[in-house]
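J.: One structure, pasted below without further comment.
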Number of protein chains: 4
Amino acid sequence: MYQKLKEKVLKANLLLPKYNLITFTWGNVSEIDRKRKVIAIKPSGVEYENMQIDDVVVCDLQGNVIEGNLKPSSDLMTHIELYKHFENINGIVHTHSRWATVFAQAGFNIPVYGTTQADYFFGDIPCTRLMSKKEINENYEKETGKVIVETFRERKLSPDNISGVLVHSHGPFVWGIDCMDAVYKAVVMEECAQMAYATITLNRDVANIQEELLDKHFKRKHGPNAYYGQK
Amino acid sequence: MYQKLKEKVLKANLLLPKYNLITFTWGNVSEIDRKRKVIAIKPSGVEYENMQIDDVVVCDLQGNVIEGNLKPSSDLMTHIELYKHFENINGIVHTHSRWATVFAQAGFNIPVYGTTQADYFFGDIPCTRLMSKKEINENYEKETGKVIVETFRERKLSPDNISGVLVHSHGPFVWGIDCMDAVYKAVVMEECAQMAYATITLNRDVANIQEELLDKHFKRKHGPNAYYGQK
Amino acid sequence: MYQKLKEKVLKANLLLPKYNLITFTWGNVSEIDRKRKVIAIKPSGVEYENMQIDDVVVCDLQGNVIEGNLKPSSDLMTHIELYKHFENINGIVHTHSRWATVFAQAGFNIPVYGTTQADYFFGDIPCTRLMSKKEINENYEKETGKVIVETFRERKLSPDNISGVLVHSHGPFVWGIDCMDAVYKAVVMEECAQMAYATITLNRDVANIQEELLDKHFKRKHGPNAYYGQK
Amino acid sequence: MYQKLKEKVLKANLLLPKYNLITFTWGNVSEIDRKRKVIAIKPSGVEYENMQIDDVVVCDLQGNVIEGNLKPSSDLMTHIELYKHFENINGIVHTHSRWATVFAQAGFNIPVYGTTQADYFFGDIPCTRLMSKKEINENYEKETGKVIVETFRERKLSPDNISGVLVHSHGPFVWGIDCMDAVYKAVVMEECAQMAYATITLNRDVANIQEELLDKHFKRKHGPNAYYGQK
């Protein structure tokens with residue numbers, strides 16, 4: 001019944017090892033079908049190299065499994081929280097990819113230093129605040145989603161223009177218009193994080209990209225005046 | 001007679017080059033069969049790409065070869081010392097993997113900065129003290145084991161929760177419930193070491209992960225309340 | 001009609017992923033046929049792994065497409081500006097290769113610290129000034145070319161001896177006697193950038209290579225007294 | 001007539017790309033047959049992937065070609081100088097491998113921080129002084145060899161215990177009992193250089209390995225009391 005959705009989510013999950021974004025089973029991809037109100041997501045703790053289409057788990061928006069024999073990713077409730085509040089996104093990727101995680105561990109945003117990041121992210125990629133003891137101990141995964149939503153709301157960021165976040169001391173969540181788009185942006189974020197690390201350690205006085213160049217590059221690829229690519 | 005044990009140890013050794021943990025012949029994996037009181041271990045100085053099952057050496061707990069035509073790894077006596085004192089471990093890996101070795105050379109613990117390490121190691125991965133001239137010159141490999149055991153005893157660490165150590169100026173030893181588990185944790189340690197290196201050089205003021213988040217993540221995967229994976 | 005030129009440009013573009021200079025569709029290679037006054041260039045936003053010979057776009061020197069069904073790279077006008085002013089170059093590569101881009105983001109030249117760079121670049125690889133708001137907002141790609149040309153003119157650099165540049169906050173443009181030569185030098189620049197990064201972060205007091213050694217190495221490979229290779 | 005020697009030298013040269021020690025044609029391997037007073041060496045500027053056995057050049061100890069149609073490596077006279085003064089070595093490798101070259105560019109020795117280096121190099125790997133203008137302009141390649149020999153003589157180092165050197169602002173030369181041994185040590189030096197870079201940038205106060213541990217590890221693998229491996 002959800003064969004196409006599951007196929008797509010399987011395919012997106014298998015891109016994570018291809019792009020060197022994961023070690024072992026760390027990380028997961030999901031996609032939501034907003035009409036049918038279901039989410040397909042990677043099963044918890046299953047090796048990518050052996051994953052089959054029927055391992056993909058389909059859940060409702062409360063997190064109940066409605067198709068599949070395996071348990072869904074333990075991060076499911078974080079995904080659900082994001083889908084609820086960020087209404088234009090339909091795919092989410094979570095990984096512990098090396099360089100994005102380094103910024104999450106350092107508690108730093110990934111600053112936008114160049115056009116590579118500006119082409120896809122309309123500014124710095126934010127790092128959340130530390131979670132409280134209560135948030136960690138009660139409904140941890142759901143609270144993780146809530147602190148992400150809070151980060152965007154309080155800093156007046158749009159999840160449509162900044163398609164990802166670093167959870168403090170943890171790692172990146174990245175999203176997009178579908179799960180393939182989310183994986184694409186996860187690759188971009190990882191590359192930008194590595195370059196930002198090297199930029200900072202090379203030049204501690206480096207400044208962010210100029211506003212007008214950020215604007216130019218983001219809008220070359222997004223919105224009504226985009227002129228990059230074949231469309 | 002020890003065919004299955006040797007097969008497993010061979011397989012675990014061959015994972016070291018697969019996971020880029022070794023250069024040439026550096027490193028070794030062993031597993032103990034506590035009932036039969038024997039240890040199977042990599043032969044000394046043999047190239048991984050040519051290793052055969054009958055090259056694996058089986059020894060008793062005094063280090064005498066009881067099956068095999070080759071000499072065991074020169075680090076055998078370190079393994080034996082660890083098996084004697086850490087009674088729940090049955091597999092050990094030693095490598096000179098790059099980033100763990102960098103911390104060993106710097107004489108630093110690998111601090112726990114994020115959930116990646118917290119998922120597998122319940123705190124910092126300790127670096128031993130320098131060995132004395134006497135320890136180096138007499139029974140060096142056995143003394144290496146003793147200084148590891150001392151490190152855990154004196155710092156009140158549990159080898160069941162912190163499954164590895166850095167030997168100062170040398171490199172990592174990692175263990176687990178069997179040799180495959182030890183290799184798995186050696187991969188995790190190496191990834192955590194690289195991320196910790198970058199985290200520190202990015203943010204010299206970085207703090208360790210919060211106690212409650214360390215606790216949450218370690219126990220999500222270990223102990224009676226674990227809920228990660230399919231069990 | 002332009003089959004050979006298109007074949008060569010396709011081949012040069014496909015070298016970019018081979019040499020790990022690009023992620024996804026980032027980057028482009030062109031070659032000019034100065035007699036026929038045409039430029040063949042990568043199409044905009046097309047994946048390298050699916051690129052076919054007929055995807056290569058042939059343009060005139062005003063940027064009008066004269067052969068091909070796809071839109072040319074959005075950076076075409078930068079290429080044209082360089083071909084107009086640097087009369088001995090016939091091939092250009094633009095990438096966001098990691099280490100060259102790090103220097104572009106830091107706003108630093110790539111200093112010539114060793115013979116590796118001296119063998120191919122007769123000095124530091126310059127980083128341009130920031131572009132003005134007006135330059136960014138009007139004819140951005142053409143203005144990018146103009147700021148590169150200005151950089152060489154004002155710093156009295158020869159594009160024949162220094163075959164590349166970093167566009168500030170953006171990334172490298174590299175050129176050569178044809179497009180294959182340009183790709184070759186893009187690989188060299190990337191390797192030199194990575195080594196320069198590590199050299200600086202290792203030794204903040206490092207000095208540039210001695211003038212006479214720079215001279216020796218560049219002229220061992222270039223000009224009438226070259227004696228490297230089989231010619 | 002020199003078929004076996006040429007085969008061995010070809011094989012050793014082809015290991016350089018296998019071990020990621022070279023880019024394009026950078027680097028060369030030679031071996032001397034001291035009885036027949038000939039040296040086989042890589043031809044100048046030839047791509048590794050197309051190299052054939054008859055491309056290997058055989059020269060006498062004055063540098064005259066005595067077999068082969070190609071020009072020998074431009075670094076031949078450096079090799080000859082080393083063979084003349086370091087009488088126990090029979091194979092030499094020169095590369096611009098990334099991390100060793102970084103130390104050469106920084107003008108730093110590679111300090112011995114751990115047992116990985118101590119297993120193969122009995123101390124720091126020295127970096128030569130800067131060459132004089134005269135040395136660079138007259139017989140440059142021969143003078144490069146002379147400054148290496150001077151480094152070992154003045155610092156009272158033995159080329160039998162320290163099998164390599166960094167030429168300032170240039171890169172590493174590594175040697176061994178034959179060309180295969182030299183390639184092996186070139187791989188070790190590169191790995192040690194990368195780890196030393198990270199060790200220093202992690203801990204600026206790091207100390208060299210203890211004398212007794214250096215001694216222990218080097219002699220575990222070298223000399224009459226060696227006990228590593230199967231001999």
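Each chain in the structure tokens gets a letter, A, B and so on, in the order shown; residues start at 1 in every chain, and ligands are counted from 1 in the order they appear.
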Tell me which protein, DNA and RNA residues are within 12 Å of Ile136 in chain C, counting only C-alpha atoms, leaving out same-chain ones fewer than 5 positions away, and put them as a list in words.
T.: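 Returned residues: Gln210, Glu211, Glu212, Leu213, Leu214, Asp215, Lys216, His217 and Arg220 of chain A; Leu130, Met131, Glu141, Lys142, Glu143, Thr144, Gly145, Lys146 and Val147 of chain C.
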J.: Run DSSP on the backbone and tell me which residues of range 11-151 of chain B come out as strand (DSSP E or B); list them as a PyMOL selection string.
T.: chain B and resi 28-33+38-41+43+57-60+65-67+72+91-94+110+125+127
J.: Compile the residues of chain B that lie within 8 Å of chain A, evaluated using only C-alpha atoms, and express the compilation as a PyMOL selection string.
T.: chain B and resi 113-116+191+195-196+198-203+206+209+212-213+216+227-230
J.: Within 12 Å of Val58 in chain B, counting only C-alpha atoms, which residues show up once you throw out same-chain ones fewer than 6 positions away? Write them as a PyMOL selection string, please.
T.: chain B and resi 1-7+9-10+30-33+36-43+64-73+76
J.: Could you tell me how far CA of Gly123 in chain D sits from CA of Cys192 in chain D, in Å to one decimal place?
T.: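 Straight-line distance from CA of Cys192 in chain D to CA of Gly123 in chain D works out to 11.8 Å.
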J.: Considering only C-alpha atoms, return as a count of residues only whatever protein or nucleic-acid residues lie within 7 Å of range 172-182 of chain A, sequence-local ones (same chain, fewer than 4 positions apart) excluded.
T.: 22
J.: For CA of Ala226 in chain B and CA of Cys127 in chain A, quote the distance in Å rounded to one decimal.
T.: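 Separating CA of Ala226 in chain B from CA of Cys127 in chain A is a distance of 27.4 Å.
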